[in-house]
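The file final_35.tsv comes next; it holds TSV, C-alpha atoms.
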chain	number	residue	atom	x	y	z
S	1	MET	CA	-79.72	84.94	56.12
S	2	LYS	CA	-81.43	81.72	55.09
S	3	GLN	CA	-81.25	82.77	51.42
S	4	ASN	CA	-77.50	83.42	51.79
S	5	ARG	CA	-76.96	79.88	53.15
S	6	ILE	CA	-78.93	78.39	50.24
S	7	TYR	CA	-76.93	80.46	47.75
S	8	SER	CA	-73.62	79.37	49.29
S	9	ALA	CA	-74.64	75.69	49.15
S	10	LEU	CA	-75.60	75.96	45.49
S	11	LEU	CA	-72.29	77.70	44.68
S	12	ALA	CA	-70.28	74.95	46.41
S	13	ALA	CA	-72.18	72.25	44.55
S	14	ALA	CA	-71.46	73.94	41.21
S	15	LEU	CA	-67.76	74.20	42.01
S	16	ALA	CA	-67.65	70.52	42.97
S	17	LEU	CA	-69.31	69.50	39.71
S	18	SER	CA	-66.86	71.69	37.74
S	19	LEU	CA	-63.83	70.11	39.41
S	20	ALA	CA	-65.17	66.62	38.83
S	21	ALA	CA	-65.68	67.39	35.16
S	22	CYS	CA	-62.10	68.68	34.86
S	23	GLN	CA	-60.73	65.62	36.55
S	24	ASN	CA	-62.74	63.28	34.32
S	25	GLY	CA	-61.64	65.17	31.26
S	26	GLY	CA	-57.98	64.93	32.34
S	27	SER	CA	-58.16	61.22	32.98
S	28	GLY	CA	-59.99	60.68	29.71
S	29	SER	CA	-57.24	62.49	27.77
S	30	GLY	CA	-54.54	60.41	29.44
S	31	SER	CA	-56.35	57.14	28.64
S	32	GLN	CA	-56.08	57.91	24.93
S	33	THR	CA	-52.21	57.63	24.98
S	34	PRO	CA	-51.38	54.53	27.00
S	35	SER	CA	-47.69	53.63	27.39
S	36	SER	CA	-46.63	50.72	25.14
S	37	ALA	CA	-44.64	47.90	26.73
S	38	GLY	CA	-41.55	46.26	25.23
S	39	VAL	CA	-38.46	47.30	23.30
S	40	ALA	CA	-39.22	48.78	19.86
S	41	VAL	CA	-37.60	46.69	17.11
S	42	GLN	CA	-37.69	46.26	13.34
S	43	VAL	CA	-37.71	42.79	11.83
S	44	GLN	CA	-37.48	40.95	8.53
S	45	GLU	CA	-38.15	37.35	7.58
S	46	VAL	CA	-35.12	35.07	7.29
S	47	LYS	CA	-34.91	33.74	3.72
S	48	VAL	CA	-32.86	31.36	1.59
S	49	ASP	CA	-30.72	33.07	-1.06
S	50	THR	CA	-27.41	32.94	-2.94
S	51	ILE	CA	-24.30	34.72	-1.64
S	52	SER	CA	-20.83	35.30	-3.02
S	53	THR	CA	-17.73	36.53	-1.25
S	54	GLU	CA	-16.85	40.04	-2.41
S	55	ASN	CA	-13.23	41.01	-2.99
S	56	LYS	CA	-12.95	44.76	-3.52
S	57	VAL	CA	-9.90	46.34	-5.15
S	58	SER	CA	-9.13	49.75	-6.59
S	59	GLY	CA	-7.75	50.52	-10.04
S	60	ARG	CA	-7.73	53.07	-12.83
S	61	ILE	CA	-9.22	53.63	-16.25
S	62	VAL	CA	-6.80	52.87	-19.13
S	63	THR	CA	-7.06	52.76	-22.93
S	64	ASP	CA	-6.86	49.51	-24.86
S	65	GLY	CA	-5.36	49.26	-28.36
S	66	GLN	CA	-4.02	46.74	-30.89
S	67	GLU	CA	-3.06	43.47	-29.23
S	68	SER	CA	-1.48	40.21	-30.32
S	69	VAL	CA	-2.84	37.02	-28.77
S	70	PHE	CA	-0.15	34.42	-28.02
S	71	VAL	CA	-0.09	30.96	-26.49
S	72	SER	CA	3.11	29.67	-24.94
S	73	ALA	CA	2.76	26.00	-25.92
S	74	GLN	CA	2.80	24.15	-29.24
S	75	VAL	CA	-0.72	22.73	-29.38
S	76	GLN	CA	-3.31	21.62	-31.95
S	77	CYS	CA	-6.30	23.76	-32.83
S	78	THR	CA	-9.58	21.82	-32.86
S	79	ALA	CA	-12.02	24.59	-33.85
S	80	VAL	CA	-11.94	28.18	-35.17
S	81	TYR	CA	-14.79	30.65	-34.63
S	82	VAL	CA	-13.64	33.83	-36.42
S	83	GLU	CA	-12.19	35.04	-39.70
S	84	VAL	CA	-10.00	37.99	-40.64
S	85	GLY	CA	-12.17	41.11	-40.64
S	86	ASP	CA	-14.61	39.82	-38.02
S	87	THR	CA	-15.45	41.98	-35.02
S	88	VAL	CA	-15.01	40.28	-31.65
S	89	ALA	CA	-15.94	41.25	-28.12
S	90	ALA	CA	-13.55	41.02	-25.18
S	91	GLY	CA	-13.87	37.61	-23.57
S	92	SER	CA	-15.29	35.88	-26.66
S	93	PRO	CA	-13.60	32.70	-28.03
S	94	ILE	CA	-11.32	32.87	-31.07
S	95	CYS	CA	-10.55	29.16	-31.35
S	96	THR	CA	-10.37	26.00	-29.25
S	97	LEU	CA	-7.11	24.21	-28.49
S	98	ASP	CA	-6.45	20.66	-27.34
S	99	MET	CA	-5.37	21.70	-23.83
S	100	ALA	CA	-6.95	18.85	-21.86
S	101	SER	CA	-3.70	17.51	-20.39
S	102	THR	CA	-2.35	20.98	-19.59
S	103	LEU	CA	-5.60	22.04	-17.97
S	104	SER	CA	-5.65	18.85	-15.92
S	105	SER	CA	-2.04	19.40	-14.82
S	106	TYR	CA	-2.78	23.01	-13.91
S	107	SER	CA	-5.83	22.00	-11.86
S	108	ALA	CA	-3.86	19.33	-9.99
S	109	ALA	CA	-0.92	21.68	-9.38
S	110	ASN	CA	-3.22	24.42	-8.11
S	111	ILE	CA	-4.96	22.00	-5.71
S	112	THR	CA	-1.56	20.83	-4.43
S	113	TYR	CA	-0.42	24.43	-3.92
S	114	GLN	CA	-3.62	25.44	-2.10
S	115	SER	CA	-3.31	22.34	0.09
S	116	ALA	CA	0.29	23.30	0.93
S	117	VAL	CA	-0.83	26.83	1.84
S	118	GLN	CA	-3.56	25.44	4.10
S	119	SER	CA	-1.13	23.03	5.73
S	120	TYR	CA	1.30	25.87	6.37
S	121	ASP	CA	-1.43	28.01	7.95
S	122	ASP	CA	-2.60	25.09	10.11
S	123	GLN	CA	0.94	24.43	11.34
S	124	VAL	CA	1.44	28.11	12.15
S	125	ALA	CA	-1.73	28.08	14.26
S	126	ILE	CA	-0.66	24.89	16.09
S	127	PHE	CA	2.85	26.12	16.83
S	128	ASP	CA	1.58	29.52	17.97
S	129	LYS	CA	-0.71	27.84	20.50
S	130	GLN	CA	2.07	25.51	21.68
S	131	ILE	CA	4.48	28.40	22.16
S	132	ALA	CA	1.82	30.49	23.94
S	133	LEU	CA	1.20	27.61	26.35
S	134	ALA	CA	4.93	27.11	26.91
S	135	GLU	CA	5.38	30.83	27.63
S	136	LYS	CA	2.45	30.74	30.06
S	137	ASN	CA	3.96	27.72	31.81
S	138	VAL	CA	7.26	29.55	32.27
S	139	ASN	CA	5.53	32.65	33.66
S	140	ASP	CA	3.32	30.58	35.97
S	141	LEU	CA	6.31	28.69	37.38
S	142	LYS	CA	8.19	31.94	37.97
S	143	ALA	CA	5.20	33.25	39.92
S	144	LEU	CA	5.07	30.04	41.96
S	145	PHE	CA	8.83	30.25	42.53
S	146	GLU	CA	8.34	33.68	44.15
S	147	ILE	CA	6.09	32.11	46.80
S	148	GLY	CA	8.21	28.99	47.20
S	149	ALA	CA	5.84	26.66	45.35
S	150	ALA	CA	8.16	25.81	42.42
S	151	SER	CA	11.86	25.13	41.98
S	152	GLN	CA	14.45	26.70	39.70
S	153	VAL	CA	14.88	23.29	38.01
S	154	GLU	CA	11.23	23.33	37.00
S	155	ILE	CA	11.63	26.83	35.57
S	156	ASP	CA	14.77	25.81	33.63
S	157	GLN	CA	12.95	22.79	32.17
S	158	ALA	CA	9.96	24.93	31.15
S	159	GLU	CA	12.25	27.46	29.46
S	160	LEU	CA	14.00	24.60	27.62
S	161	ASN	CA	10.63	23.32	26.42
S	162	LEU	CA	9.79	26.82	25.16
S	163	LEU	CA	13.07	27.10	23.24
S	164	SER	CA	12.50	23.63	21.77
S	165	ALA	CA	9.01	24.58	20.58
S	166	GLN	CA	10.32	27.78	18.99
S	167	ALA	CA	13.13	25.92	17.22
S	168	GLN	CA	10.76	23.24	15.95
S	169	ARG	CA	8.41	25.93	14.64
S	170	THR	CA	11.22	27.60	12.68
S	171	ALA	CA	12.52	24.34	11.19
S	172	THR	CA	9.10	22.95	10.25
S	173	LEU	CA	7.82	26.17	8.72
S	174	SER	CA	11.03	26.60	6.71
S	175	GLN	CA	10.50	23.15	5.15
S	176	LEU	CA	6.85	23.90	4.43
S	177	GLU	CA	7.76	27.27	2.88
S	178	ALA	CA	10.29	25.62	0.56
S	179	GLY	CA	7.72	23.09	-0.60
S	180	MET	CA	5.08	25.79	-0.98
S	181	GLN	CA	7.37	27.90	-3.18
S	182	SER	CA	8.09	24.88	-5.36
S	183	TYR	CA	4.37	24.20	-5.83
S	184	LYS	CA	3.74	27.86	-6.51
S	185	SER	CA	6.45	27.95	-9.19
S	186	ASN	CA	4.86	24.94	-10.88
S	187	VAL	CA	1.46	26.65	-10.84
S	188	GLU	CA	2.93	29.84	-12.32
S	189	GLN	CA	4.64	27.94	-15.14
S	190	LEU	CA	1.42	26.13	-16.06
S	191	SER	CA	-0.52	29.36	-15.68
S	192	ALA	CA	1.79	31.02	-18.19
S	193	ALA	CA	1.00	28.22	-20.64
S	194	LEU	CA	-2.70	28.97	-20.17
S	195	GLU	CA	-2.51	32.72	-20.63
S	196	ASN	CA	-5.41	33.91	-22.83
S	197	ILE	CA	-6.98	30.42	-22.56
S	198	ASP	CA	-10.12	29.71	-20.52
S	199	SER	CA	-11.04	26.57	-18.56
S	200	ARG	CA	-12.53	24.92	-21.69
S	201	GLY	CA	-9.42	25.39	-23.82
S	202	ASN	CA	-10.76	28.39	-25.74
S	203	VAL	CA	-8.37	31.14	-26.78
S	204	ILE	CA	-10.11	34.28	-25.52
S	205	ALA	CA	-10.06	37.71	-27.18
S	206	PRO	CA	-8.38	40.01	-24.61
S	207	ILE	CA	-9.94	43.15	-26.14
S	208	SER	CA	-12.87	44.11	-28.31
S	209	GLY	CA	-12.01	44.96	-31.90
S	210	THR	CA	-11.41	43.67	-35.42
S	211	ILE	CA	-9.38	40.56	-36.34
S	212	LEU	CA	-6.43	41.87	-38.42
S	213	SER	CA	-4.64	38.52	-38.82
S	214	LEU	CA	-5.34	34.92	-37.89
S	215	ASN	CA	-2.87	32.02	-37.71
S	216	ALA	CA	-5.28	29.43	-36.34
S	217	ALA	CA	-6.86	26.79	-38.57
S	218	GLU	CA	-8.77	23.68	-37.59
S	219	GLY	CA	-6.39	20.71	-37.34
S	220	SER	CA	-3.25	22.87	-37.49
S	221	TYR	CA	-0.87	23.76	-34.66
S	222	VAL	CA	-0.29	27.12	-33.01
S	223	GLY	CA	2.65	28.02	-30.79
S	224	PRO	CA	4.66	30.79	-29.15
S	225	THR	CA	6.53	31.83	-32.32
S	226	ALA	CA	3.54	33.59	-33.94
S	227	PRO	CA	0.36	35.14	-32.53
S	228	VAL	CA	-2.85	33.15	-32.80
S	229	ALA	CA	-4.53	36.41	-33.81
S	230	VAL	CA	-3.93	40.15	-33.92
S	231	ILE	CA	-6.84	42.33	-32.85
S	232	ASP	CA	-7.19	46.02	-33.63
S	233	GLY	CA	-8.86	47.46	-30.52
S	234	VAL	CA	-11.82	49.78	-30.85
S	235	ASP	CA	-10.02	52.24	-28.59
S	236	ARG	CA	-12.39	51.56	-25.72
S	237	LEU	CA	-11.58	52.36	-22.14
S	238	GLU	CA	-11.10	49.54	-19.65
S	239	ILE	CA	-10.10	49.13	-16.00
S	240	ALA	CA	-6.74	47.85	-14.76
S	241	VAL	CA	-6.53	46.56	-11.17
S	242	SER	CA	-3.86	44.74	-9.16
S	243	VAL	CA	-4.82	41.65	-7.14
S	244	SER	CA	-3.00	39.43	-4.66
S	245	GLU	CA	-1.72	35.91	-5.25
S	246	ALA	CA	-4.50	34.65	-2.96
S	247	LEU	CA	-7.23	36.14	-5.17
S	248	VAL	CA	-5.85	35.59	-8.67
S	249	PRO	CA	-6.44	31.78	-8.75
S	250	LYS	CA	-10.14	32.42	-8.08
S	251	LEU	CA	-10.55	34.63	-11.17
S	252	ALA	CA	-11.09	33.48	-14.75
S	253	LEU	CA	-11.40	35.11	-18.16
S	254	GLY	CA	-15.01	36.05	-18.87
S	255	ASP	CA	-15.96	36.40	-15.18
S	256	GLN	CA	-18.13	39.40	-14.39
S	257	ALA	CA	-17.28	42.03	-11.78
S	258	ASP	CA	-19.15	44.96	-10.24
S	259	VAL	CA	-17.61	48.33	-11.09
S	260	SER	CA	-18.00	51.64	-9.25
S	261	ILE	CA	-16.69	54.93	-10.68
S	262	SER	CA	-17.16	57.62	-8.03
S	263	ALA	CA	-16.25	60.55	-10.30
S	264	LEU	CA	-19.31	59.77	-12.44
S	265	ASP	CA	-21.46	58.40	-9.59
S	266	LEU	CA	-21.76	55.24	-11.70
S	267	GLN	CA	-22.41	51.59	-10.83
S	268	THR	CA	-21.96	49.18	-13.75
S	269	VAL	CA	-20.70	45.71	-14.70
S	270	GLY	CA	-17.46	44.64	-16.39
S	271	THR	CA	-15.95	41.41	-17.73
S	272	ILE	CA	-12.45	40.09	-17.04
S	273	LYS	CA	-10.62	40.15	-20.37
S	274	LYS	CA	-7.02	39.60	-19.29
S	275	ILE	CA	-5.13	38.20	-16.29
S	276	GLU	CA	-1.36	38.68	-16.19
S	277	SER	CA	0.43	35.38	-15.57
S	278	ALA	CA	3.38	37.01	-13.76
S	279	ALA	CA	3.33	39.32	-10.76
S	280	SER	CA	4.86	42.77	-10.77
S	281	MET	CA	8.45	42.68	-9.51
S	282	GLN	CA	7.81	45.79	-7.41
S	283	THR	CA	4.38	45.12	-5.90
S	284	LYS	CA	4.18	41.29	-6.16
S	285	LEU	CA	0.61	41.79	-7.43
S	286	TYR	CA	-1.06	40.54	-10.62
S	287	THR	CA	-2.68	42.92	-13.12
S	288	VAL	CA	-6.24	42.13	-14.17
S	289	ASN	CA	-7.99	44.05	-16.97
S	290	ILE	CA	-11.76	44.48	-16.99
S	291	ALA	CA	-13.74	45.55	-20.05
S	292	LEU	CA	-16.87	47.60	-19.41
S	293	GLU	CA	-20.07	46.18	-20.87
S	294	GLU	CA	-21.43	49.57	-21.86
S	295	ASP	CA	-20.17	52.85	-23.29
S	296	VAL	CA	-19.91	55.34	-20.45
S	297	GLU	CA	-20.36	59.01	-21.21
S	298	GLY	CA	-17.76	61.21	-19.53
S	299	LEU	CA	-15.37	58.35	-18.80
S	300	LEU	CA	-11.73	59.44	-19.08
S	301	SER	CA	-8.43	57.61	-18.93
S	302	GLY	CA	-6.82	57.99	-15.50
S	303	MET	CA	-10.05	58.04	-13.50
S	304	SER	CA	-10.21	55.86	-10.39
S	305	ALA	CA	-12.51	52.84	-10.20
S	306	ASP	CA	-13.44	50.29	-7.56
S	307	VAL	CA	-13.97	46.69	-8.68
S	308	SER	CA	-15.70	43.94	-6.68
S	309	PHE	CA	-15.00	40.35	-7.72
S	310	ARG	CA	-17.53	37.74	-6.57
S	311	THR	CA	-15.98	34.41	-5.59
S	312	ASP	CA	-16.78	31.38	-3.42
S	313	THR	CA	-20.51	31.31	-4.14
S	314	SER	CA	-23.03	29.46	-1.94
S	315	ALA	CA	-26.51	28.81	-3.36
S	316	ASP	CA	-29.72	27.94	-1.47
S	317	THR	CA	-28.32	29.06	1.86
S	318	ILE	CA	-29.54	31.25	4.73
S	319	VAL	CA	-28.52	34.88	4.13
S	320	ILE	CA	-29.15	37.71	6.61
S	321	PRO	CA	-28.08	41.36	6.94
S	322	THR	CA	-24.63	41.54	8.50
S	323	GLU	CA	-25.76	44.38	10.76
S	324	ALA	CA	-28.22	42.01	12.49
S	325	ILE	CA	-25.36	39.91	13.88
S	326	LEU	CA	-23.99	40.61	17.37
S	327	THR	CA	-20.78	39.23	18.86
S	328	SER	CA	-19.61	38.40	22.36
S	329	ASN	CA	-16.10	37.05	22.76
S	330	ASP	CA	-15.93	34.30	20.10
S	331	LEU	CA	-19.72	33.86	19.84
S	332	GLN	CA	-22.00	35.26	17.17
S	333	TYR	CA	-25.71	35.59	17.85
S	334	VAL	CA	-28.94	37.22	16.71
S	335	PHE	CA	-32.40	37.83	18.13
S	336	VAL	CA	-35.64	36.58	16.60
S	337	VAL	CA	-39.16	37.57	17.57
S	338	GLU	CA	-41.54	34.89	18.79
S	339	GLY	CA	-44.94	36.27	19.78
S	340	ASP	CA	-44.19	39.38	21.81
S	341	SER	CA	-40.78	38.24	23.04
S	342	ALA	CA	-37.19	38.23	21.79
S	343	ARG	CA	-35.30	34.94	21.63
S	344	TYR	CA	-31.49	34.73	21.69
S	345	VAL	CA	-30.05	32.48	18.95
S	346	GLU	CA	-26.39	31.55	18.55
S	347	ILE	CA	-25.31	31.23	14.92
S	348	THR	CA	-22.34	30.16	12.82
S	349	SER	CA	-21.51	32.44	9.90
S	350	GLY	CA	-20.04	31.57	6.51
S	351	LEU	CA	-19.43	33.74	3.47
S	352	THR	CA	-19.83	37.52	3.61
S	353	GLY	CA	-21.05	39.63	0.71
S	354	ASN	CA	-22.33	43.15	0.10
S	355	GLY	CA	-23.83	43.91	3.50
S	356	VAL	CA	-25.05	40.33	3.99
S	357	THR	CA	-23.67	37.21	5.67
S	358	GLU	CA	-24.31	33.49	5.20
S	359	VAL	CA	-25.57	31.62	8.28
S	360	THR	CA	-24.55	27.95	8.29
S	361	SER	CA	-26.22	27.00	11.60
S	362	GLY	CA	-28.72	28.48	14.05
S	363	LEU	CA	-31.39	29.64	11.59
S	364	THR	CA	-33.51	27.59	9.19
S	365	GLY	CA	-35.56	30.23	7.39
S	366	GLY	CA	-38.92	31.83	8.15
S	367	GLU	CA	-37.88	33.35	11.50
S	368	LEU	CA	-38.58	37.02	12.19
S	369	LEU	CA	-35.05	38.40	12.56
S	370	VAL	CA	-34.47	41.59	14.55
S	371	THR	CA	-32.54	43.98	12.30
S	372	VAL	CA	-32.89	47.20	14.34
S	373	GLY	CA	-32.88	47.40	18.12
S	374	GLN	CA	-31.12	44.07	18.74
S	375	ALA	CA	-28.32	45.72	20.72
S	376	TYR	CA	-30.83	46.63	23.46
S	377	LEU	CA	-32.27	43.12	23.88
S	378	ALA	CA	-31.74	40.20	26.22
S	379	ASP	CA	-33.25	36.74	25.88
S	380	GLY	CA	-36.97	36.79	26.72
S	381	ASP	CA	-37.37	40.60	26.64
S	382	ALA	CA	-40.79	41.90	25.63
S	383	VAL	CA	-40.73	43.57	22.21
S	384	ARG	CA	-43.04	45.50	19.94
S	385	VAL	CA	-42.45	45.48	16.21
S	386	VAL	CA	-42.46	48.91	14.57
S	387	SER	CA	-42.13	50.05	10.98
S	388	GLY	CA	-38.93	51.61	9.72
S	389	GLU	CA	-40.86	54.24	7.75
S	390	GLY	CA	-40.98	57.82	8.81

As structure tokens, please, write out the structure in this file.
Amino acid sequence: MKQNRIYSALLAAALALSLAACQNGGSGSGSQTPSSAGVAVQVQEVKVDTISTENKVSGRIVTDGQESVFVSAQVQCTAVYVEVGDTVAAGSPICTLDMASTLSSYSAANITYQSAVQSYDDQVAIFDKQIALAEKNVNDLKALFEIGAASQVEIDQAELNLLSAQAQRTATLSQLEAGMQSYKSNVEQLSAALENIDSRGNVIAPISGTILSLNAAEGSYVGPTAPVAVIDGVDRLEIAVSVSEALVPKLALGDQADVSISALDLQTVGTIKKIESAASMQTKLYTVNIALEEDVEGLLSGMSADVSFRTDTSADTIVIPTEAILTSNDLQYVFVVEGDSARYVEITSGLTGNGVTEVTSGLTGGELLVTVGQAYLADGDAVRVVSGEG
């Protein structure tokens, strides 16, 4: 009996030790995978860069051929850079003309036109706000009238004020539109005189090819009655796109553009070789021709192409990924990481480019910007930075 009691005690002790070992092993395994605190985010350093506004349009591949280069004004030639038989590239200068006064007039006319457009837009915004306020006043008075807190006379006066604001809007905008059309016509006339001529007075080759004839000589005059030069195109393919009147003043001969041809899964670069001075009567758009800077295997006439023109460039400015920016009502904001916490930062944005946006206030450079996970943050939240790999 005594031996049985001893045996039972030893067995109980062994079971207790076994359970303790299991419990220690379980707690040890759990201690190897502690829970991490904070929202997981990815970040990148805010840097200074250059950004350009992108204007994307669609077009088609067309074939160039022989082309005569005309100027629409009688003007003196001050320098000639080619001879008959020479090969020229699209966008290269043929000769230089004394166009200083015309270029100056065009620049002034274009500034005046753009100013008129801006004034028109500003007046539209002002009148729209005035009319919205007048409409609200009428509605508010009608609601007060229902509860006996306003009179019919007050409502009639508010409605009269609304009609007056609407009439003033119509009259003022009609005058501004007439002036704007006059300025636009002046710009188009001067633009026609500058067709095939760049901002330095150079007559630009609209296509690549061989000079078949040349009527320009240093010191002599060229005019609309005979072409400055005739170029036999090398039968290369180019891109034709249509752009709006708002975009066309921002483009110039020789400007580069990014080209995407989805049928060939191709990204390349082209150069503006021709800008039509008159809009299409049907579409009211201007045709722009872009020469490709490389021979593209498999390229066929009729294929579709997307062209991105870069305008309104800002250099040495803060540029961040557009996807990092959040909005709330009229506010734009981002989150930056400081230590182990997220900080809310309101920003003001400027130009937008290919997936990036200029920041004109709020960031100075060097901050750790949250680019993934920002939608789950509030100011002061704990964060942990993780890699985007895997």

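Interatomic distance, CA of Tyr333 (chain S) to CA of Lys129 (chain S): 26.3 Å.
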
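Around region 149-158 of chain S, within 8 Å and counting only C-alpha atoms, the residues found are Ala134, Asn137, Val138, Leu141, Lys142 and Leu144 of chain S, once anything fewer than 5 positions away on its own chain is removed.
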
Output file for the residues above (C-alpha atoms, as a PDB file, in the coordinates of the input):
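As a result, out_29.pdb now contains:
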ATOM      1  CA  ALA S 134       4.930  27.110  26.910  1.00  0.00           C
ATOM      2  CA  ASN S 137       3.960  27.720  31.810  1.00  0.00           C
ATOM      3  CA  VAL S 138       7.260  29.550  32.270  1.00  0.00           C
ATOM      4  CA  LEU S 141       6.310  28.690  37.380  1.00  0.00           C
ATOM      5  CA  LYS S 142       8.190  31.940  37.970  1.00  0.00           C
ATOM      6  CA  LEU S 144       5.070  30.040  41.960  1.00  0.00           C
TER       7      LEU S 144
END

Inset, instruction - Tell me, as a VMD selection string, which residues lie within 12 Å of region 117-128 of chain S, counting all atoms listed in the file; anything in the same chain fewer than 6 positions away does not count. - result: chain S and resid 110 to 111 134 to 135 162 164 to 184 245 to 246

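Going from CA of Ile239 (chain S) over to CA of Val69 (chain S), you cover 19.0 Å.
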
Legend entry - Spatial neighbours of region 357-372 of chain S, 9 Å, all atoms listed in the file, chain gap at least 4 places, as a PyMOL selection string: chain S and resi 40-51+314+317-325+333-338+342+345-353+388

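All protein and nucleic acid residues in the vicinity of (-34.9, 47.1, 22.0), that is within 7 Å when counting all atoms listed in the file, are Val39, Ala40, Val41, Gly373, Gln374, Ala375, Tyr376, Leu377 and Val383 of chain S.
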
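For the set S:Leu103, S:Val57, S:Ala143, S:Val187, the residue with the smallest atom-to-atom gap to Gly201 (chain S) is S:Leu103, counting only C-alpha atoms.
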
Inset, instruction - Using all atoms listed in the file, determine which residues lie at most 10 Å from region 79-95 of chain S, disregarding the query and same-chain residues fewer than 3 positions distant; provide the list as a PyMOL selection string. - result: chain S and resi 69+76+98+196-198+201-220+228-234+253-255+271-274+290-293

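Considering the residues S:Thr283, S:Asn289, S:Ser72, S:Ser304 and counting only C-alpha atoms, Leu264 (chain S) has its shortest atom-to-atom contact with S:Ser304.
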
Inset, instruction - Determine, counting all atoms listed in the file, which protein, DNA and RNA residues have an atom within 8 Å of an atom of Val259 (chain S); residues of the same chain fewer than 4 positions away are not included. Present the result as an MDAnalysis selection string. - result: chainID S and resid 267:270 305:308

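Here CA of Glu188 (chain S) is placed at a distance of 23.2 Å from CA of Gln256 (chain S).
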
Inset, instruction - Compare S:Leu247, S:Ala382, S:Arg60, S:Ala116 by their minimum atom-to-atom distance to Ser262 (chain S), counting all atoms listed in the file, and give me the closest one. - result: S:Arg60

Box along x, y and z, 8 Å on every side, all listed atoms of region 145-155 of chain S inside: centre and edge lengths in Å to one decimal, as AutoDock Vina command-line options.
--center_x 10.4 --center_y 28.5 --center_z 41.4 --size_x 25.0 --size_y 26.4 --size_z 27.6

Inset, instruction - Kindly indicate which residue among S:Thr311, S:Asn139, S:Gln282, S:Asn161 lies nearest to Ala252 (chain S), using all atoms listed in the file for the distances. - result: S:Thr311

Inset, instruction - Would you please work out which residue, of S:Gly298, S:Arg236, S:Asp316, S:Ser191, is nearest to Gln66 (chain S) when using all atoms listed in the file? - result: S:Arg236
